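query_24.cif follows (mmCIF, C-alpha atoms):
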data_input
loop_
_atom_site.group_PDB
_atom_site.id
_atom_site.type_symbol
_atom_site.label_atom_id
_atom_site.label_comp_id
_atom_site.auth_asym_id
_atom_site.auth_seq_id
_atom_site.Cartn_x
_atom_site.Cartn_y
_atom_site.Cartn_z
ATOM 1 C CA MET A 1 0.000 0.000 0.000
ATOM 2 C CA LYS A 2 1.243 3.483 -0.820
ATOM 3 C CA GLY A 3 2.272 5.997 1.804
ATOM 4 C CA LEU A 4 2.276 3.869 4.942
ATOM 5 C CA LYS A 5 5.985 3.395 5.601
ATOM 6 C CA GLY A 6 7.128 5.370 8.625
ATOM 7 C CA LYS A 7 3.630 6.472 9.647
ATOM 8 C CA THR A 8 2.484 6.210 13.263
ATOM 9 C CA ALA A 9 -0.755 4.354 13.943
ATOM 10 C CA ILE A 10 -2.902 3.684 16.993
ATOM 11 C CA VAL A 11 -5.177 0.639 16.978
ATOM 12 C CA THR A 12 -7.769 0.499 19.744
ATOM 13 C CA GLY A 13 -8.933 -2.930 20.807
ATOM 14 C CA GLY A 14 -5.515 -3.986 19.637
ATOM 15 C CA LEU A 15 -5.506 -7.335 21.429
ATOM 16 C CA GLY A 16 -8.820 -8.367 19.882
ATOM 17 C CA ASP A 17 -8.722 -10.463 16.742
ATOM 18 C CA LEU A 18 -9.617 -7.692 14.278
ATOM 19 C CA GLY A 19 -7.455 -5.082 15.972
ATOM 20 C CA TYR A 20 -4.508 -7.450 16.229
ATOM 21 C CA ALA A 21 -4.778 -8.510 12.588
ATOM 22 C CA SER A 22 -4.973 -4.852 11.540
ATOM 23 C CA ALA A 23 -1.912 -4.047 13.639
ATOM 24 C CA ILE A 24 0.039 -6.890 12.036
ATOM 25 C CA ARG A 25 -0.839 -5.665 8.547
ATOM 26 C CA LEU A 26 0.031 -2.027 9.300
ATOM 27 C CA GLN A 27 3.312 -3.083 10.873
ATOM 28 C CA GLU A 28 4.108 -5.185 7.807
ATOM 29 C CA GLU A 29 3.431 -2.125 5.658
ATOM 30 C CA GLY A 30 6.077 -0.200 7.607
ATOM 31 C CA CYS A 31 4.005 1.662 10.192
ATOM 32 C CA ASN A 32 4.969 2.237 13.806
ATOM 33 C CA VAL A 33 1.973 0.777 15.623
ATOM 34 C CA ALA A 34 0.691 1.272 19.164
ATOM 35 C CA LEU A 35 -1.970 -1.049 20.508
ATOM 36 C CA PHE A 36 -4.521 0.284 23.003
ATOM 37 C CA ASP A 37 -6.505 -2.309 24.920
ATOM 38 C CA LEU A 38 -8.298 -2.629 28.231
ATOM 39 C CA LYS A 39 -6.815 -6.084 28.795
ATOM 40 C CA SER A 40 -3.275 -6.534 30.056
ATOM 41 C CA ASP A 41 -0.873 -7.993 27.502
ATOM 42 C CA ASP A 42 0.265 -10.864 29.694
ATOM 43 C CA ASP A 43 1.382 -12.919 26.689
ATOM 44 C CA LYS A 44 3.418 -10.018 25.238
ATOM 45 C CA ARG A 45 1.495 -10.284 21.988
ATOM 46 C CA ALA A 46 2.292 -6.710 20.995
ATOM 47 C CA GLY A 47 6.027 -7.287 21.248
ATOM 48 C CA LYS A 48 5.777 -10.463 19.201
ATOM 49 C CA ILE A 49 4.644 -8.436 16.185
ATOM 50 C CA GLY A 50 6.909 -5.464 16.813
ATOM 51 C CA CYS A 51 4.239 -3.125 18.183
ATOM 52 C CA ALA A 52 4.033 -1.012 21.328
ATOM 53 C CA TYR A 53 1.303 -1.693 23.874
ATOM 54 C CA PHE A 54 -0.619 0.632 26.178
ATOM 55 C CA GLN A 55 -3.220 -0.595 28.633
ATOM 56 C CA VAL A 56 -5.975 1.957 28.169
ATOM 57 C CA ASP A 57 -9.618 2.140 29.166
ATOM 58 C CA ILE A 58 -11.008 4.201 26.289
ATOM 59 C CA GLY A 59 -13.899 5.274 28.484
ATOM 60 C CA ASP A 60 -11.395 7.183 30.630
ATOM 61 C CA GLU A 61 -10.312 10.422 28.978
ATOM 62 C CA LYS A 62 -7.309 10.918 31.254
ATOM 63 C CA GLN A 63 -5.876 7.540 30.272
ATOM 64 C CA ILE A 64 -6.423 8.307 26.589
ATOM 65 C CA ARG A 65 -4.734 11.693 26.838
ATOM 66 C CA GLN A 66 -1.679 10.252 28.568
ATOM 67 C CA ALA A 67 -1.340 7.300 26.190
ATOM 68 C CA CYS A 68 -1.660 9.456 23.064
ATOM 69 C CA GLU A 69 1.064 11.753 24.354
ATOM 70 C CA GLN A 70 3.307 8.769 25.075
ATOM 71 C CA VAL A 71 2.800 7.416 21.561
ATOM 72 C CA LYS A 72 3.745 10.798 20.081
ATOM 73 C CA ASN A 73 6.875 10.997 22.222
ATOM 74 C CA ARG A 74 7.917 7.497 21.187
ATOM 75 C CA PHE A 75 7.070 7.415 17.480
ATOM 76 C CA GLY A 76 6.130 10.918 16.383
ATOM 77 C CA LEU A 77 2.799 12.413 15.389
ATOM 78 C CA VAL A 78 -0.038 9.931 14.972
ATOM 79 C CA THR A 79 -1.583 10.069 11.491
ATOM 80 C CA ILE A 80 -3.552 6.784 11.480
ATOM 81 C CA LEU A 81 -6.249 5.834 13.982
ATOM 82 C CA VAL A 82 -8.018 2.482 13.761
ATOM 83 C CA ASN A 83 -10.980 2.266 16.133
ATOM 84 C CA THR A 84 -11.765 -1.435 16.547
ATOM 85 C CA ALA A 85 -12.443 -1.453 20.307
ATOM 86 C CA ALA A 86 -15.958 -2.637 21.094
ATOM 87 C CA HIS A 87 -18.063 -3.824 23.978
ATOM 88 C CA PHE A 88 -20.649 -6.498 23.244
ATOM 89 C CA VAL A 89 -24.127 -6.429 24.715
ATOM 90 C CA PHE A 90 -26.847 -8.279 22.800
ATOM 91 C CA LYS A 91 -30.227 -7.212 24.130
ATOM 92 C CA SER A 92 -33.470 -5.813 22.800
ATOM 93 C CA ILE A 93 -36.188 -3.793 24.500
ATOM 94 C CA ASP A 94 -35.245 -5.552 27.739
ATOM 95 C CA ALA A 95 -31.895 -3.739 27.963
ATOM 96 C CA ALA A 96 -31.295 -2.174 31.366
ATOM 97 C CA PRO A 97 -29.702 1.241 31.933
ATOM 98 C CA GLU A 98 -26.441 -0.440 32.932
ATOM 99 C CA ASP A 99 -26.422 -2.333 29.607
ATOM 100 C CA TRP A 100 -26.719 0.915 27.689
ATOM 101 C CA ASP A 101 -24.137 2.631 29.864
ATOM 102 C CA ALA A 102 -21.614 -0.163 29.292
ATOM 103 C CA ILE A 103 -21.933 -0.401 25.524
ATOM 104 C CA LEU A 104 -22.253 3.318 24.800
ATOM 105 C CA ARG A 105 -19.275 4.102 27.039
ATOM 106 C CA VAL A 106 -16.944 2.101 24.799
ATOM 107 C CA ASN A 107 -18.491 1.880 21.352
ATOM 108 C CA VAL A 108 -19.600 5.492 20.980
ATOM 109 C CA MET A 109 -18.105 7.691 23.692
ATOM 110 C CA GLY A 110 -14.783 5.830 23.857
ATOM 111 C CA THR A 111 -14.345 5.901 20.094
ATOM 112 C CA SER A 112 -15.077 9.623 20.130
ATOM 113 C CA LEU A 113 -12.675 10.396 22.974
ATOM 114 C CA VAL A 114 -9.758 8.625 21.314
ATOM 115 C CA ALA A 115 -10.376 10.577 18.112
ATOM 116 C CA LYS A 116 -10.609 13.786 20.141
ATOM 117 C CA HIS A 117 -7.057 13.327 21.415
ATOM 118 C CA VAL A 118 -5.532 12.013 18.189
ATOM 119 C CA VAL A 119 -6.947 14.633 15.817
ATOM 120 C CA PRO A 120 -4.727 17.471 17.154
ATOM 121 C CA GLN A 121 -1.690 15.377 16.221
ATOM 122 C CA MET A 122 -3.119 14.785 12.748
ATOM 123 C CA LYS A 123 -3.771 18.494 12.326
ATOM 124 C CA ALA A 124 -0.166 19.220 13.322
ATOM 125 C CA ALA A 125 1.013 16.664 10.755
ATOM 126 C CA GLY A 126 -1.241 18.096 8.055
ATOM 127 C CA GLN A 127 -2.829 14.743 7.296
ATOM 128 C CA GLY A 128 -4.619 11.795 8.811
ATOM 129 C CA SER A 129 -6.818 8.769 8.302
ATOM 130 C CA ILE A 130 -9.384 7.586 10.846
ATOM 131 C CA ILE A 131 -10.921 4.163 10.333
ATOM 132 C CA ASN A 132 -13.965 3.480 12.507
ATOM 133 C CA PHE A 133 -15.133 -0.117 12.736
ATOM 134 C CA SER A 134 -18.859 -0.390 12.191
ATOM 135 C CA SER A 135 -20.462 -3.596 10.893
ATOM 136 C CA VAL A 136 -23.201 -4.985 8.710
ATOM 137 C CA SER A 137 -25.079 -4.581 11.998
ATOM 138 C CA GLY A 138 -24.875 -0.850 11.347
ATOM 139 C CA PHE A 139 -27.092 -1.224 8.257
ATOM 140 C CA VAL A 140 -29.871 -3.646 9.179
ATOM 141 C CA GLY A 141 -32.009 -4.770 12.064
ATOM 142 C CA GLN A 142 -31.170 -8.089 13.722
ATOM 143 C CA ALA A 143 -33.228 -9.907 16.328
ATOM 144 C CA ASN A 144 -32.113 -9.261 19.916
ATOM 145 C CA PHE A 145 -29.164 -7.145 18.766
ATOM 146 C CA ALA A 146 -30.691 -3.704 19.423
ATOM 147 C CA THR A 147 -28.035 -2.530 21.861
ATOM 148 C CA TYR A 148 -25.135 -3.556 19.631
ATOM 149 C CA ASN A 149 -26.694 -2.415 16.350
ATOM 150 C CA ALA A 150 -27.551 0.993 17.771
ATOM 151 C CA THR A 151 -23.875 1.639 18.430
ATOM 152 C CA LYS A 152 -22.813 0.414 14.991
ATOM 153 C CA PHE A 153 -25.350 2.695 13.312
ATOM 154 C CA ALA A 154 -23.949 5.483 15.501
ATOM 155 C CA ILE A 155 -20.395 4.771 14.337
ATOM 156 C CA ARG A 156 -21.463 5.309 10.738
ATOM 157 C CA GLY A 157 -23.098 8.576 11.722
ATOM 158 C CA LEU A 158 -19.998 9.759 13.575
ATOM 159 C CA THR A 159 -17.899 8.857 10.556
ATOM 160 C CA LYS A 160 -19.924 10.998 8.181
ATOM 161 C CA CYS A 161 -20.018 13.966 10.563
ATOM 162 C CA TRP A 162 -16.296 13.807 11.287
ATOM 163 C CA ALA A 163 -15.538 13.489 7.572
ATOM 164 C CA GLN A 164 -17.196 16.873 7.052
ATOM 165 C CA ASP A 165 -15.581 18.449 10.089
ATOM 166 C CA LEU A 166 -12.050 17.245 9.351
ATOM 167 C CA ALA A 167 -11.804 17.429 5.556
ATOM 168 C CA PRO A 168 -10.395 20.993 5.706
ATOM 169 C CA PHE A 169 -7.423 19.578 7.645
ATOM 170 C CA ASN A 170 -6.709 16.802 5.113
ATOM 171 C CA ILE A 171 -7.977 14.185 7.562
ATOM 172 C CA ARG A 172 -10.035 11.406 6.016
ATOM 173 C CA VAL A 173 -12.613 9.463 8.034
ATOM 174 C CA ASN A 174 -14.157 6.216 6.829
ATOM 175 C CA SER A 175 -16.006 3.319 8.384
ATOM 176 C CA LEU A 176 -15.056 -0.303 7.813
ATOM 177 C CA CYS A 177 -18.016 -2.650 7.982
ATOM 178 C CA PRO A 178 -17.282 -6.371 8.302
ATOM 179 C CA GLY A 179 -19.794 -9.132 7.906
ATOM 180 C CA TYR A 180 -19.581 -12.157 10.178
ATOM 181 C CA ILE A 181 -15.904 -12.795 10.910
ATOM 182 C CA TYR A 182 -14.764 -15.974 12.622
ATOM 183 C CA THR A 183 -13.089 -14.572 15.719
ATOM 184 C CA SER A 184 -12.815 -15.357 19.399
ATOM 185 C CA ALA A 185 -15.528 -12.707 19.913
ATOM 186 C CA PHE A 186 -17.857 -14.757 17.690
ATOM 187 C CA VAL A 187 -17.064 -17.879 19.678
ATOM 188 C CA ASN A 188 -17.529 -16.102 23.007
ATOM 189 C CA SER A 189 -20.834 -14.588 21.869
ATOM 190 C CA CYS A 190 -22.116 -18.038 20.948
ATOM 191 C CA LYS A 191 -21.134 -19.306 24.373
ATOM 192 C CA LYS A 192 -22.766 -16.356 26.113
ATOM 193 C CA LEU A 193 -25.993 -16.913 24.205
ATOM 194 C CA GLY A 194 -25.883 -20.680 24.746
ATOM 195 C CA LEU A 195 -25.531 -21.450 21.024
ATOM 196 C CA ASP A 196 -23.696 -24.334 19.369
ATOM 197 C CA ILE A 197 -20.555 -22.856 17.784
ATOM 198 C CA ASP A 198 -20.351 -25.170 14.759
ATOM 199 C CA GLU A 199 -24.042 -24.793 14.050
ATOM 200 C CA GLU A 200 -23.817 -21.005 14.294
ATOM 201 C CA ASP A 201 -20.764 -21.018 12.002
ATOM 202 C CA ARG A 202 -22.767 -22.910 9.381
ATOM 203 C CA ARG A 203 -25.741 -20.604 9.846
ATOM 204 C CA ALA A 204 -23.583 -17.488 9.595
ATOM 205 C CA SER A 205 -21.752 -18.838 6.555
ATOM 206 C CA GLU A 206 -25.031 -19.323 4.723
ATOM 207 C CA MET A 207 -25.848 -15.634 5.212
ATOM 208 C CA HIS A 208 -22.987 -14.634 2.907
ATOM 209 C CA LEU A 209 -22.878 -14.976 -0.864
ATOM 210 C CA LEU A 210 -19.385 -16.438 -0.566
ATOM 211 C CA GLY A 211 -20.704 -19.170 1.700
ATOM 212 C CA ARG A 212 -18.388 -18.638 4.638
ATOM 213 C CA GLN A 213 -17.446 -16.256 7.409
ATOM 214 C CA GLY A 214 -14.572 -13.879 6.811
ATOM 215 C CA ARG A 215 -11.127 -14.018 8.371
ATOM 216 C CA PRO A 216 -9.460 -11.265 10.411
ATOM 217 C CA GLU A 217 -6.642 -10.849 7.889
ATOM 218 C CA GLU A 218 -9.197 -10.083 5.164
ATOM 219 C CA VAL A 219 -10.541 -7.233 7.242
ATOM 220 C CA ALA A 220 -6.986 -6.110 8.030
ATOM 221 C CA ALA A 221 -6.263 -5.743 4.316
ATOM 222 C CA ALA A 222 -9.145 -3.279 4.050
ATOM 223 C CA THR A 223 -7.823 -1.412 7.095
ATOM 224 C CA ALA A 224 -4.446 -0.953 5.434
ATOM 225 C CA PHE A 225 -6.109 0.209 2.225
ATOM 226 C CA LEU A 226 -8.179 2.893 3.970
ATOM 227 C CA ALA A 227 -5.126 4.069 5.908
ATOM 228 C CA SER A 228 -2.993 4.300 2.770
ATOM 229 C CA ASP A 229 -2.617 6.860 0.005
ATOM 230 C CA ASP A 230 -4.353 4.365 -2.282
ATOM 231 C CA ALA A 231 -7.583 5.544 -0.620
ATOM 232 C CA SER A 232 -6.654 9.241 -0.803
ATOM 233 C CA PHE A 233 -9.972 10.253 -2.410
ATOM 234 C CA MET A 234 -12.142 8.350 0.055
ATOM 235 C CA THR A 235 -13.750 10.016 3.057
ATOM 236 C CA GLY A 236 -17.150 9.667 4.676
ATOM 237 C CA SER A 237 -17.481 6.229 3.081
ATOM 238 C CA ASP A 238 -18.608 2.845 4.374
ATOM 239 C CA LEU A 239 -16.349 0.068 3.119
ATOM 240 C CA LEU A 240 -18.080 -3.306 3.291
ATOM 241 C CA VAL A 241 -16.001 -6.435 3.844
ATOM 242 C CA ASP A 242 -19.001 -8.678 4.164
ATOM 243 C CA GLY A 243 -18.749 -11.541 1.694
ATOM 244 C CA GLY A 244 -21.990 -10.361 0.100
ATOM 245 C CA TYR A 245 -24.017 -10.367 3.332
ATOM 246 C CA LEU A 246 -25.891 -7.167 2.479
ATOM 247 C CA ALA A 247 -26.322 -8.136 -1.174
ATOM 248 C CA LYS A 248 -28.574 -11.110 -0.364
#
Take the structure in this file and express it as structure tokens.
Amino acid sequence: MKGLKGKTAIVTGGLGDLGYASAIRLQEEGCNVALFDLKSDDDKRAGKIGCAYFQVDIGDEKQIRQACEQVKNRFGLVTILVNTAAHFVFKSIDAAPEDWDAILRVNVMGTSLVAKHVVPQMKAAGQGSIINFSSVSGFVGQANFATYNATKFAIRGLTKCWAQDLAPFNIRVNSLCPGYIYTSAFVNSCKKLGLDIDEEDRRASEMHLLGRQGRPEEVAAATAFLASDDASFMTGSDLLVDGGYLAK
């Protein structure tokens, strides 16, 4: 991909499957990559792929501010932000206030706060690319997914508003919208909902024209594209990596 070598990138949710795959791809393209994640990196996964790691609760603005400053001091101005961090709550009209507080705190407010503290660095650099992870769940209704889908619709809305606000500063903002991706989050969601994993994999695969779930590295390729100069005329867009899910 053009224009990535030497750039500094932050990937939130960096220890999750999609964040980690995106970090690997950006690092392979020559970026200096910092992973933000709520979990501690006990297995030193960041170091294994040549990335820095910062334990950050993206619902805590003070932690974000400090971590962003540390990344700048270590690597230089951040010009790529990949917002993959997400909290998963799958409820409908029965959602309690604490369910809404938990999911909105990360998926909407947290995403916004990280961008708030990265954008000044992008403005100073005269360029930037923000990639917000939405989902096919940000386009359609799904049974008992109201809490999650509401936040993914919101991410697409934030993306389009920020694209307008930041275009004068040469900062592009796009959303990346995966279909069903076979990840540990998928497996854990099945377990939480009491569903058979193999059966749900077959069911999810049938929802896609390509007849399977996607893989994290396929999403990571789209991340690198949106971050690169190859996507220099894209902003305010929704890039689907969904195996034809929404085309059915």
(message) I'd like the contact shell of A:Leu158 - 10 Å cut-off, all atoms listed in the file, skipping same-chain residues fewer than 2 positions apart - returned as a PyMOL selection string.
(response) chain A and resi 108+111-112+132+152-156+160-163+173-175+236
Report the closest atom pair, with its distance in Å rounded to one decimal, for each residue of stretch 96-212 of chain A that has an atom no farther than 10 Å from stretch 37-59 of chain A; count all atoms listed in the file, sort by chain and then rising residue number, and write it as CSV.
residue,atom,partner,partner_atom,distance
A:Ala102,CA,A:Gly59,CA,9.5
A:Leu104,CA,A:Gly59,CA,9.3
A:Arg105,CA,A:Gly59,CA,5.7
A:Val106,CA,A:Gly59,CA,5.7
A:Asn107,CA,A:Gly59,CA,9.1
A:Val108,CA,A:Gly59,CA,9.4
A:Met109,CA,A:Gly59,CA,6.8
A:Gly110,CA,A:Gly59,CA,4.7
A:Thr111,CA,A:Ile58,CA,7.2
A:Ser112,CA,A:Ile58,CA,9.2
A:Leu113,CA,A:Ile58,CA,7.2
A:Val114,CA,A:Ile58,CA,6.8
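When the PyMOL selection byres ((chain A and resi 11) around 8) is run on the displayed coordinates, the residues it returns are Ala9, Ile10, Thr12, Gly13, Gly14, Gly19, Ser22, Ala23, Val33, Ala34, Leu35, Phe36, Leu81, Val82, Asn83 and Thr84 of chain A.
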(message) With the PyMOL selection byres ((chain A and resi 230) around 8) as the selection, what would be picked from this file? Answer as a PyMOL selection string, please.
(response) chain A and resi 1-3+225-226+228-229+231-232
(request) Carefully work through the PyMOL selection byres ((chain A and resi 180-193) around 12) for this structure and note down the residues it includes, as number ranges by chain. (result) A: 13, 15-21, 85-91, 134-137, 144-145, 177-179, 194-220, 240-246
(message) Restricting the calculation to all atoms listed in the file: of A:Asn32, A:Gln70, A:Thr147, A:Gln127, which residue gets closest to A:Thr8?
(response) A:Asn32
(request) Check the smallest atom-to-atom distance from each of A:Glu29, A:Glu61, A:Gly76, A:Gly138 to A:Lys116 using all atoms listed in the file, then report the winner. (result)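 Using all atoms listed in the file, A:Lys116 sits closest to A:Glu61.
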(request) Skip A:Arg172 itself and residues of its chain fewer than 3 positions away, then list as a ChimeraX atom specification all residues within 8 Å of it, counting only C-alpha atoms. (result) /A:128-130,163,166-167,232,234-236
Those residues with C-alpha atoms, as a CSV table (one decimal), keeping the file's coordinate frame please?
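And here is the file that came out, part-v3.csv:
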chain,number,residue,atom,x,y,z
A,128,GLY,CA,-4.6,11.8,8.8
A,129,SER,CA,-6.8,8.8,8.3
A,130,ILE,CA,-9.4,7.6,10.8
A,163,ALA,CA,-15.5,13.5,7.6
A,166,LEU,CA,-12.0,17.2,9.4
A,167,ALA,CA,-11.8,17.4,5.6
A,232,SER,CA,-6.7,9.2,-0.8
A,234,MET,CA,-12.1,8.4,0.1
A,235,THR,CA,-13.8,10.0,3.1
A,236,GLY,CA,-17.2,9.7,4.7
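Rounded to one decimal, atom CA of A:Trp100 and atom CA of A:Val118 lie 25.7 Å from each other.
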(request) Could you please determine the separation between atom CA of A:Ser92 and atom CA of A:Ala143 in Å, to one decimal place? (result) 7.7 Å
(request) Quote the spacing between atom CA of A:Phe133 and atom CA of A:Thr151 in Å to one decimal place. (result) 10.6 Å
(request) Could you tell me which of A:Asp101, A:Thr223, A:Lys248, A:Gln121 comes closest to A:Ile24 if we count all atoms listed in the file? (result)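 Among the listed residues, the smallest separation from A:Ile24 belongs to A:Thr223.
Among the candidate residues A:Leu4, A:Ala247, A:Cys68, A:Ile171, the one lying nearest to A:Lys123 is A:Ile171, with distances computed using only C-alpha atoms.
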